[in-house]
$ cat final_34.pdb   # PDB, C-alpha atoms
ATOM      1  CA  MET A   1      32.275 119.736  26.953
ATOM      2  CA  PRO A   2      30.126 122.811  27.675
ATOM      3  CA  THR A   3      27.545 122.182  30.359
ATOM      4  CA  SER A   4      24.776 123.592  28.160
ATOM      5  CA  ALA A   5      25.236 120.583  25.820
ATOM      6  CA  VAL A   6      24.779 118.044  28.610
ATOM      7  CA  SER A   7      21.251 116.759  29.119
ATOM      8  CA  PRO A   8      19.891 116.267  32.643
ATOM      9  CA  ARG A   9      20.054 112.482  32.038
ATOM     10  CA  SER A  10      23.740 112.546  31.085
ATOM     11  CA  GLU A  11      24.524 114.753  34.083
ATOM     12  CA  HIS A  12      22.920 112.090  36.278
ATOM     13  CA  VAL A  13      24.846 109.309  34.550
ATOM     14  CA  ALA A  14      28.105 111.237  34.744
ATOM     15  CA  ALA A  15      27.592 111.889  38.447
ATOM     16  CA  SER A  16      27.085 108.193  39.202
ATOM     17  CA  PRO A  17      30.068 106.743  41.067
ATOM     18  CA  ARG A  18      29.765 103.536  39.019
ATOM     19  CA  THR A  19      29.735 105.151  35.597
ATOM     20  CA  ALA A  20      32.174 107.485  33.882
ATOM     21  CA  THR A  21      31.517 109.284  30.625
ATOM     22  CA  THR A  22      33.503 109.420  27.434
ATOM     23  CA  SER A  23      34.574 112.652  25.782
ATOM     24  CA  ALA A  24      31.389 112.360  23.672
ATOM     25  CA  GLY A  25      29.258 112.428  26.841
ATOM     26  CA  LEU A  26      28.241 108.754  26.543
ATOM     27  CA  PRO A  27      28.381 106.437  29.540
ATOM     28  CA  THR A  28      31.234 103.941  29.581
ATOM     29  CA  GLU A  29      31.040 100.395  30.832
ATOM     30  CA  GLU A  30      29.074  99.707  33.981
ATOM     31  CA  PRO A  31      29.864  96.653  36.085
ATOM     32  CA  GLY A  32      27.923  93.690  34.721
ATOM     33  CA  ILE A  33      27.227  95.167  31.289
ATOM     34  CA  ASP A  34      29.237  92.389  29.621
ATOM     35  CA  ALA A  35      26.943  89.818  31.261
ATOM     36  CA  TRP A  36      23.959  91.695  29.837
ATOM     37  CA  ARG A  37      25.487  91.756  26.355
ATOM     38  CA  SER A  38      26.356  88.054  26.561
ATOM     39  CA  PHE A  39      22.777  87.251  27.595
ATOM     40  CA  LEU A  40      21.355  89.234  24.660
ATOM     41  CA  THR A  41      23.767  87.689  22.171
ATOM     42  CA  ALA A  42      23.183  84.123  23.385
ATOM     43  CA  HIS A  43      19.404  84.575  23.355
ATOM     44  CA  ALA A  44      19.378  86.071  19.863
ATOM     45  CA  ARG A  45      21.684  83.436  18.371
ATOM     46  CA  ILE A  46      19.928  80.460  19.957
ATOM     47  CA  THR A  47      16.411  81.604  19.121
ATOM     48  CA  ARG A  48      17.431  82.449  15.555
ATOM     49  CA  ARG A  49      18.958  78.979  15.105
ATOM     50  CA  LEU A  50      15.948  77.208  16.664
ATOM     51  CA  ASP A  51      13.598  79.218  14.452
ATOM     52  CA  GLU A  52      15.604  78.388  11.318
ATOM     53  CA  GLU A  53      15.580  74.673  12.129
ATOM     54  CA  LEU A  54      11.839  74.583  12.840
ATOM     55  CA  GLN A  55      11.114  76.532   9.651
ATOM     56  CA  ALA A  56      13.288  74.239   7.526
ATOM     57  CA  ALA A  57      12.043  70.968   8.981
ATOM     58  CA  HIS A  58       8.396  71.753   9.717
ATOM     59  CA  GLY A  59       7.403  75.100   8.170
ATOM     60  CA  LEU A  60       6.753  76.343  11.697
ATOM     61  CA  SER A  61       8.258  79.437  13.296
ATOM     62  CA  LEU A  62       9.569  79.365  16.869
ATOM     63  CA  ALA A  63       6.734  81.719  17.893
ATOM     64  CA  GLU A  64       4.157  79.408  16.308
ATOM     65  CA  TYR A  65       5.738  76.417  18.044
ATOM     66  CA  ASP A  66       5.625  78.266  21.359
ATOM     67  CA  ALA A  67       1.948  79.178  20.872
ATOM     68  CA  LEU A  68       1.027  75.571  20.047
ATOM     69  CA  LEU A  69       2.944  74.410  23.112
ATOM     70  CA  GLN A  70       1.172  76.932  25.362
ATOM     71  CA  ILE A  71      -2.243  75.887  24.045
ATOM     72  CA  ALA A  72      -1.382  72.187  24.414
ATOM     73  CA  HIS A  73      -0.451  72.661  28.072
ATOM     74  CA  ALA A  74      -3.612  74.622  28.931
ATOM     75  CA  PRO A  75      -6.592  72.797  30.441
ATOM     76  CA  GLY A  76      -8.762  71.388  27.677
ATOM     77  CA  ARG A  77      -6.095  72.471  25.168
ATOM     78  CA  ARG A  78      -7.776  75.858  24.942
ATOM     79  CA  VAL A  79      -6.628  79.253  26.152
ATOM     80  CA  ARG A  80      -7.969  82.775  25.997
ATOM     81  CA  MET A  81      -6.263  84.929  23.408
ATOM     82  CA  ASN A  82      -5.109  87.554  25.945
ATOM     83  CA  VAL A  83      -3.536  84.843  28.129
ATOM     84  CA  LEU A  84      -1.814  83.311  25.104
ATOM     85  CA  ALA A  85      -0.468  86.734  24.084
ATOM     86  CA  GLU A  86       1.058  87.198  27.530
ATOM     87  CA  ARG A  87       2.611  83.729  27.558
ATOM     88  CA  VAL A  88       4.273  84.017  24.170
ATOM     89  CA  ILE A  89       5.141  87.656  24.817
ATOM     90  CA  LEU A  90       3.294  89.182  21.885
ATOM     91  CA  SER A  91       0.926  92.103  21.568
ATOM     92  CA  ARG A  92      -2.760  91.431  21.047
ATOM     93  CA  SER A  93      -2.447  92.210  17.351
ATOM     94  CA  GLY A  94       0.661  90.029  17.126
ATOM     95  CA  ILE A  95      -1.078  87.046  18.702
ATOM     96  CA  THR A  96      -4.075  87.574  16.424
ATOM     97  CA  ARG A  97      -1.854  87.362  13.333
ATOM     98  CA  LEU A  98       0.000  84.324  14.702
ATOM     99  CA  VAL A  99      -3.233  82.484  15.554
ATOM    100  CA  ASP A 100      -4.579  83.401  12.099
ATOM    101  CA  ARG A 101      -1.553  81.677  10.500
ATOM    102  CA  LEU A 102      -1.982  78.605  12.701
ATOM    103  CA  GLU A 103      -5.693  78.532  11.932
ATOM    104  CA  ALA A 104      -5.031  78.731   8.182
ATOM    105  CA  ALA A 105      -2.756  75.684   8.555
ATOM    106  CA  GLY A 106      -5.453  73.814  10.483
ATOM    107  CA  SER A 107      -3.400  73.770  13.704
ATOM    108  CA  ASP A 108      -5.874  75.650  15.861
ATOM    109  CA  GLU A 109      -9.258  77.226  15.722
ATOM    110  CA  ARG A 110     -10.625  80.293  17.361
ATOM    111  CA  MET A 111     -13.802  79.888  19.349
ATOM    112  CA  ALA A 112     -16.002  82.481  20.982
ATOM    113  CA  CYS A 113     -16.139  82.291  24.735
ATOM    114  CA  SER A 114     -19.488  80.838  25.788
ATOM    115  CA  THR A 115     -19.619  82.936  28.967
ATOM    116  CA  ASP A 116     -18.046  86.189  27.744
ATOM    117  CA  ALA A 117     -19.162  87.498  24.368
ATOM    118  CA  ARG A 118     -16.044  89.678  24.142
ATOM    119  CA  GLY A 119     -13.610  86.824  24.702
ATOM    120  CA  GLN A 120     -12.118  84.331  22.302
ATOM    121  CA  GLU A 121     -10.097  81.197  22.862
ATOM    122  CA  ALA A 122      -7.491  79.492  20.733
ATOM    123  CA  VAL A 123      -8.217  75.764  20.674
ATOM    124  CA  LEU A 124      -5.661  73.181  19.568
ATOM    125  CA  THR A 125      -6.841  70.874  16.793
ATOM    126  CA  PRO A 126      -5.676  67.273  16.263
ATOM    127  CA  VAL A 127      -3.619  68.558  13.302
ATOM    128  CA  GLY A 128      -1.960  71.134  15.579
ATOM    129  CA  LEU A 129      -1.201  68.538  18.224
ATOM    130  CA  ASP A 130       0.402  66.274  15.610
ATOM    131  CA  ARG A 131       2.456  69.179  14.227
ATOM    132  CA  LEU A 132       3.606  70.058  17.731
ATOM    133  CA  ARG A 133       4.597  66.463  18.547
ATOM    134  CA  VAL A 134       6.645  66.119  15.362
ATOM    135  CA  ALA A 135       8.293  69.542  15.721
ATOM    136  CA  ALA A 136       9.093  68.940  19.410
ATOM    137  CA  THR A 137      11.854  66.500  18.482
ATOM    138  CA  THR A 138      13.588  69.110  16.323
ATOM    139  CA  HIS A 139      13.102  71.852  18.903
ATOM    140  CA  LEU A 140      14.290  69.849  21.910
ATOM    141  CA  ASP A 141      17.281  68.524  19.985
ATOM    142  CA  GLY A 142      18.299  72.127  19.236
ATOM    143  CA  VAL A 143      17.777  73.212  22.854
ATOM    144  CA  ARG A 144      19.992  70.348  23.933
ATOM    145  CA  ARG A 145      22.751  71.092  21.403
ATOM    146  CA  TYR A 146      22.838  74.872  21.714
ATOM    147  CA  PHE A 147      22.152  75.256  25.435
ATOM    148  CA  LEU A 148      21.893  72.255  27.750
ATOM    149  CA  ASP A 149      24.963  70.388  26.485
ATOM    150  CA  ARG A 150      27.150  73.491  26.879
ATOM    151  CA  LEU A 151      26.467  73.953  30.596
ATOM    152  CA  ASP A 152      26.939  71.643  33.575
ATOM    153  CA  ALA A 153      24.309  71.051  36.278
ATOM    154  CA  ASP A 154      25.720  73.785  38.538
ATOM    155  CA  ASP A 155      25.753  76.302  35.667
ATOM    156  CA  LEU A 156      22.145  75.480  34.803
ATOM    157  CA  ALA A 157      20.937  75.723  38.413
ATOM    158  CA  GLY A 158      22.690  79.069  38.939
ATOM    159  CA  LEU A 159      21.447  80.450  35.648
ATOM    160  CA  GLU A 160      17.874  79.367  36.366
ATOM    161  CA  ALA A 161      17.932  80.972  39.826
ATOM    162  CA  SER A 162      19.477  84.174  38.504
ATOM    163  CA  LEU A 163      17.071  84.556  35.602
ATOM    164  CA  ARG A 164      14.070  83.897  37.863
ATOM    165  CA  ARG A 165      15.242  86.752  40.119
ATOM    166  CA  VAL A 166      15.263  88.976  37.050
ATOM    167  CA  ALA A 167      12.066  87.756  35.346
ATOM    168  CA  ASP A 168       9.657  87.096  38.207
ATOM    169  CA  PRO A 169       9.336  90.699  39.445
ATOM    170  CA  LEU A 170       8.709  91.809  35.857
ATOM    171  CA  ALA A 171       5.760  89.465  35.336
ATOM    172  CA  SER A 172       2.547  91.282  34.621
ATOM    173  CA  ALA A 173       0.610  92.221  37.718
ATOM    174  CA  THR A 174      -2.584  91.773  35.715
ATOM    175  CA  HIS A 175      -2.412  88.012  35.202
ATOM    176  CA  PRO A 176      -5.801  86.707  34.127
ATOM    177  CA  THR A 177      -7.282  84.400  36.735
ATOM    178  CA  HIS A 178      -8.199  81.709  34.244
ATOM    179  CA  GLU A 179      -6.694  80.277  31.087
ATOM    180  CA  GLY A 180      -9.961  79.541  29.345
ATOM    181  CA  CYS A 181     -13.387  81.029  29.528
ATOM    182  CA  PRO A 182     -15.016  80.623  32.904
ATOM    183  CA  PRO A 183     -17.611  77.872  32.923
ATOM    184  CA  ALA A 184     -21.183  78.903  32.292
ATOM    185  CA  GLU A 185     -23.262  79.019  35.422
ATOM    186  CA  GLY A 186     -25.729  76.207  35.366
TER     187      GLY A 186
END

$ encode --input "final_34.pdb" --output "structure tokens"
Amino acid sequence: MPTSAVSPRSEHVAASPRTATTSAGLPTEEPGIDAWRSFLTAHARITRRLDEELQAAHGLSLAEYDALLQIAHAPGRRVRMNVLAERVILSRSGITRLVDRLEAAGSDERMACSTDARGQEAVLTPVGLDRLRVAATTHLDGVRRYFLDRLDADDLAGLEASLRRVADPLASATHPTHEGCPPAEG
């Protein structure tokens, strides 16, 4: 291949002792890439199946279930929208649309923050808590069947430790200091 057709990035990749290039100038397999692909495939297949089961049984998407769960576990069953977005790994506009759908179904309500006029909280309603409790059986049964039952205790412990080493350093450095609105000063 003529050197003029090689980008600076591919020159760097080609020069790496761990990576060779194909005749098309694309990197070949790096050590560990099969583990990465297996992780992506397992995640996609499991989450797709869990989503399908929740939709069929409860008319609730996996993302909606996750949002309800996050709100339910927050103090007072209320959480700021930006915190909820971070926890369910959605953009601000994505969490707004998701909370809108939950609100239309009566599962949550959005309330203005009493101490910060710019802030809003998602608050779990009794209807939302009931929906979450009923859907939890379906969700946890799927988690058991598709994940927990396929791994032994040592596999699970190793996987948890490994994934924490990957995920923890990538957590946002701008974590909000509170889940809900700060209390009004009395």

$ residues_around --input "final_34.pdb" --residues "segment 84-86 of chain A" --least-positions-apart "6" --cutoff "8 Å" --atoms "only C-alpha atoms" --output "number ranges by chain"
A: 67, 70-71, 92, 94-95

$ atom_distance --input "final_34.pdb" --atom1 "atom CA of Ala117 of chain A" --atom2 "atom CA of Arg80 of chain A"
12.3 Å

$ closest_residue --input "final_34.pdb" --among "A:Pro126, A:Gly158, A:Gly142, A:Pro169" --to "Glu52 of chain A" --atoms "all atoms listed in the file"
A:Gly142

$ residues_around --input "final_34.pdb" --residues "Leu54 of chain A" --least-positions-apart "4" --cutoff "8 Å" --atoms "all atoms listed in the file" --output "number ranges by chain"
A: 50, 58-62, 135, 138-139

$ write_last_selection --input "final_34.pdb" --atoms "C-alpha atoms" --output "tab-separated table (two decimals), in the frame of the given file"
chain	number	residue	atom	x	y	z
A	50	LEU	CA	15.95	77.21	16.66
A	58	HIS	CA	8.40	71.75	9.72
A	59	GLY	CA	7.40	75.10	8.17
A	60	LEU	CA	6.75	76.34	11.70
A	61	SER	CA	8.26	79.44	13.30
A	62	LEU	CA	9.57	79.36	16.87
A	135	ALA	CA	8.29	69.54	15.72
A	138	THR	CA	13.59	69.11	16.32
A	139	HIS	CA	13.10	71.85	18.90

$ atom_distance --input "final_34.pdb" --atom1 "atom CA of Leu90 of chain A" --atom2 "atom CA of Gly32 of chain A"
28.1 Å

$ atom_distance --input "final_34.pdb" --atom1 "atom CA of Asn82 of chain A" --atom2 "atom CA of Ala42 of chain A"
28.6 Å

$ residues_around --input "final_34.pdb" --residues "His73 of chain A" --least-positions-apart "6" --cutoff "12 Å" --atoms "only C-alpha atoms" --output "list of chain:residue names"
A:Asp66, A:Ala67, A:Val79, A:Leu84, A:Arg87, A:Val123, A:Leu124, A:Leu129, A:Leu132, A:Glu179, A:Gly180

$ closest_residue --input "final_34.pdb" --among "A:Ala72, A:Ala171, A:Val143, A:Ala157" --to "Ala122 of chain A" --atoms "all atoms listed in the file"
A:Ala72

$ axis_aligned_box --input "final_34.pdb" --around "segment 70-82 of chain A" --padding-each-side "3 Å" --output "JSON"
{"center_x": -3.8, "center_y": 79.5, "center_z": 26.9, "size_x": 15.9, "size_y": 22.2, "size_z": 13.0}

$ resolve_selection --input "final_34.pdb" --expression "the PyMOL selection byres ((chain A and resi 147) around 12)" --output "list in words"
Ala42, His43, Arg45, Ile46, Thr47, Arg49, Leu50, His139, Leu140, Asp141, Gly142, Val143, Arg144, Arg145, Tyr146, Leu148, Asp149, Arg150, Leu151, Asp152, Ala153, Asp155, Leu156 and Leu159 of chain A

$ build_atoms --input "final_34.pdb" --residues "segment 129-154 of chain A" --atoms "N, CA, C and O atoms" --output "PDB file, in the coordinates of the input"
ATOM      1  N   LEU A 129      -1.870  69.398  17.260  1.00  0.00           N
ATOM      2  CA  LEU A 129      -1.201  68.538  18.224  1.00  0.00           C
ATOM      3  C   LEU A 129      -0.190  67.633  17.530  1.00  0.00           C
ATOM      4  O   LEU A 129       0.938  67.461  18.018  1.00  0.00           O
ATOM      5  N   ASP A 130      -0.541  67.102  16.378  1.00  0.00           N
ATOM      6  CA  ASP A 130       0.402  66.274  15.610  1.00  0.00           C
ATOM      7  C   ASP A 130       1.608  67.100  15.154  1.00  0.00           C
ATOM      8  O   ASP A 130       2.749  66.640  15.246  1.00  0.00           O
ATOM      9  N   ARG A 131       1.346  68.302  14.651  1.00  0.00           N
ATOM     10  CA  ARG A 131       2.456  69.179  14.227  1.00  0.00           C
ATOM     11  C   ARG A 131       3.393  69.477  15.382  1.00  0.00           C
ATOM     12  O   ARG A 131       4.608  69.460  15.231  1.00  0.00           O
ATOM     13  N   LEU A 132       2.814  69.764  16.544  1.00  0.00           N
ATOM     14  CA  LEU A 132       3.606  70.058  17.731  1.00  0.00           C
ATOM     15  C   LEU A 132       4.445  68.856  18.137  1.00  0.00           C
ATOM     16  O   LEU A 132       5.637  68.999  18.425  1.00  0.00           O
ATOM     17  N   ARG A 133       3.861  67.677  18.157  1.00  0.00           N
ATOM     18  CA  ARG A 133       4.597  66.463  18.547  1.00  0.00           C
ATOM     19  C   ARG A 133       5.775  66.192  17.618  1.00  0.00           C
ATOM     20  O   ARG A 133       6.864  65.860  18.075  1.00  0.00           O
ATOM     21  N   VAL A 134       5.565  66.356  16.331  1.00  0.00           N
ATOM     22  CA  VAL A 134       6.645  66.119  15.362  1.00  0.00           C
ATOM     23  C   VAL A 134       7.728  67.184  15.495  1.00  0.00           C
ATOM     24  O   VAL A 134       8.924  66.880  15.508  1.00  0.00           O
ATOM     25  N   ALA A 135       7.322  68.440  15.630  1.00  0.00           N
ATOM     26  CA  ALA A 135       8.293  69.542  15.721  1.00  0.00           C
ATOM     27  C   ALA A 135       9.042  69.534  17.056  1.00  0.00           C
ATOM     28  O   ALA A 135      10.169  70.038  17.137  1.00  0.00           O
ATOM     29  N   ALA A 136       8.454  68.960  18.089  1.00  0.00           N
ATOM     30  CA  ALA A 136       9.093  68.940  19.410  1.00  0.00           C
ATOM     31  C   ALA A 136      10.446  68.242  19.375  1.00  0.00           C
ATOM     32  O   ALA A 136      11.389  68.669  20.058  1.00  0.00           O
ATOM     33  N   THR A 137      10.578  67.210  18.581  1.00  0.00           N
ATOM     34  CA  THR A 137      11.854  66.500  18.482  1.00  0.00           C
ATOM     35  C   THR A 137      12.936  67.428  17.951  1.00  0.00           C
ATOM     36  O   THR A 137      14.031  67.492  18.511  1.00  0.00           O
ATOM     37  N   THR A 138      12.630  68.165  16.897  1.00  0.00           N
ATOM     38  CA  THR A 138      13.588  69.110  16.323  1.00  0.00           C
ATOM     39  C   THR A 138      13.922  70.205  17.338  1.00  0.00           C
ATOM     40  O   THR A 138      15.094  70.537  17.547  1.00  0.00           O
ATOM     41  N   HIS A 139      12.900  70.761  17.953  1.00  0.00           N
ATOM     42  CA  HIS A 139      13.102  71.852  18.903  1.00  0.00           C
ATOM     43  C   HIS A 139      13.946  71.403  20.097  1.00  0.00           C
ATOM     44  O   HIS A 139      14.944  72.055  20.450  1.00  0.00           O
ATOM     45  N   LEU A 140      13.567  70.308  20.715  1.00  0.00           N
ATOM     46  CA  LEU A 140      14.290  69.849  21.910  1.00  0.00           C
ATOM     47  C   LEU A 140      15.714  69.415  21.584  1.00  0.00           C
ATOM     48  O   LEU A 140      16.624  69.614  22.397  1.00  0.00           O
ATOM     49  N   ASP A 141      15.915  68.869  20.402  1.00  0.00           N
ATOM     50  CA  ASP A 141      17.281  68.524  19.985  1.00  0.00           C
ATOM     51  C   ASP A 141      18.133  69.791  19.883  1.00  0.00           C
ATOM     52  O   ASP A 141      19.283  69.821  20.332  1.00  0.00           O
ATOM     53  N   GLY A 142      17.573  70.854  19.333  1.00  0.00           N
ATOM     54  CA  GLY A 142      18.299  72.127  19.236  1.00  0.00           C
ATOM     55  C   GLY A 142      18.564  72.731  20.605  1.00  0.00           C
ATOM     56  O   GLY A 142      19.664  73.226  20.872  1.00  0.00           O
ATOM     57  N   VAL A 143      17.587  72.694  21.493  1.00  0.00           N
ATOM     58  CA  VAL A 143      17.777  73.212  22.854  1.00  0.00           C
ATOM     59  C   VAL A 143      18.911  72.456  23.533  1.00  0.00           C
ATOM     60  O   VAL A 143      19.765  73.054  24.194  1.00  0.00           O
ATOM     61  N   ARG A 144      18.922  71.165  23.345  1.00  0.00           N
ATOM     62  CA  ARG A 144      19.992  70.348  23.933  1.00  0.00           C
ATOM     63  C   ARG A 144      21.366  70.751  23.369  1.00  0.00           C
ATOM     64  O   ARG A 144      22.298  70.993  24.115  1.00  0.00           O
ATOM     65  N   ARG A 145      21.455  70.805  22.044  1.00  0.00           N
ATOM     66  CA  ARG A 145      22.751  71.092  21.403  1.00  0.00           C
ATOM     67  C   ARG A 145      23.271  72.490  21.684  1.00  0.00           C
ATOM     68  O   ARG A 145      24.461  72.676  21.928  1.00  0.00           O
ATOM     69  N   TYR A 146      22.394  73.481  21.619  1.00  0.00           N
ATOM     70  CA  TYR A 146      22.838  74.872  21.714  1.00  0.00           C
ATOM     71  C   TYR A 146      22.873  75.421  23.133  1.00  0.00           C
ATOM     72  O   TYR A 146      23.460  76.473  23.358  1.00  0.00           O
ATOM     73  N   PHE A 147      22.238  74.709  24.087  1.00  0.00           N
ATOM     74  CA  PHE A 147      22.152  75.256  25.435  1.00  0.00           C
ATOM     75  C   PHE A 147      22.514  74.224  26.505  1.00  0.00           C
ATOM     76  O   PHE A 147      23.520  74.363  27.192  1.00  0.00           O
ATOM     77  N   LEU A 148      21.722  73.196  26.647  1.00  0.00           N
ATOM     78  CA  LEU A 148      21.893  72.255  27.750  1.00  0.00           C
ATOM     79  C   LEU A 148      23.237  71.552  27.741  1.00  0.00           C
ATOM     80  O   LEU A 148      23.862  71.393  28.803  1.00  0.00           O
ATOM     81  N   ASP A 149      23.687  71.119  26.568  1.00  0.00           N
ATOM     82  CA  ASP A 149      24.963  70.388  26.485  1.00  0.00           C
ATOM     83  C   ASP A 149      26.183  71.270  26.738  1.00  0.00           C
ATOM     84  O   ASP A 149      27.272  70.768  26.958  1.00  0.00           O
ATOM     85  N   ARG A 150      26.013  72.569  26.708  1.00  0.00           N
ATOM     86  CA  ARG A 150      27.150  73.491  26.879  1.00  0.00           C
ATOM     87  C   ARG A 150      27.339  73.941  28.324  1.00  0.00           C
ATOM     88  O   ARG A 150      28.294  74.640  28.633  1.00  0.00           O
ATOM     89  N   LEU A 151      26.412  73.536  29.196  1.00  0.00           N
ATOM     90  CA  LEU A 151      26.467  73.953  30.596  1.00  0.00           C
ATOM     91  C   LEU A 151      26.369  72.724  31.492  1.00  0.00           C
ATOM     92  O   LEU A 151      25.665  71.770  31.163  1.00  0.00           O
ATOM     93  N   ASP A 152      27.068  72.765  32.641  1.00  0.00           N
ATOM     94  CA  ASP A 152      26.939  71.643  33.575  1.00  0.00           C
ATOM     95  C   ASP A 152      25.760  71.916  34.518  1.00  0.00           C
ATOM     96  O   ASP A 152      25.122  72.970  34.471  1.00  0.00           O
ATOM     97  N   ALA A 153      25.467  70.950  35.384  1.00  0.00           N
ATOM     98  CA  ALA A 153      24.309  71.051  36.278  1.00  0.00           C
ATOM     99  C   ALA A 153      24.388  72.286  37.179  1.00  0.00           C
ATOM    100  O   ALA A 153      23.378  72.960  37.415  1.00  0.00           O
ATOM    101  N   ASP A 154      25.572  72.599  37.687  1.00  0.00           N
ATOM    102  CA  ASP A 154      25.720  73.785  38.538  1.00  0.00           C
ATOM    103  C   ASP A 154      25.473  75.069  37.752  1.00  0.00           C
ATOM    104  O   ASP A 154      24.832  75.997  38.252  1.00  0.00           O
TER     105      ASP A 154
END
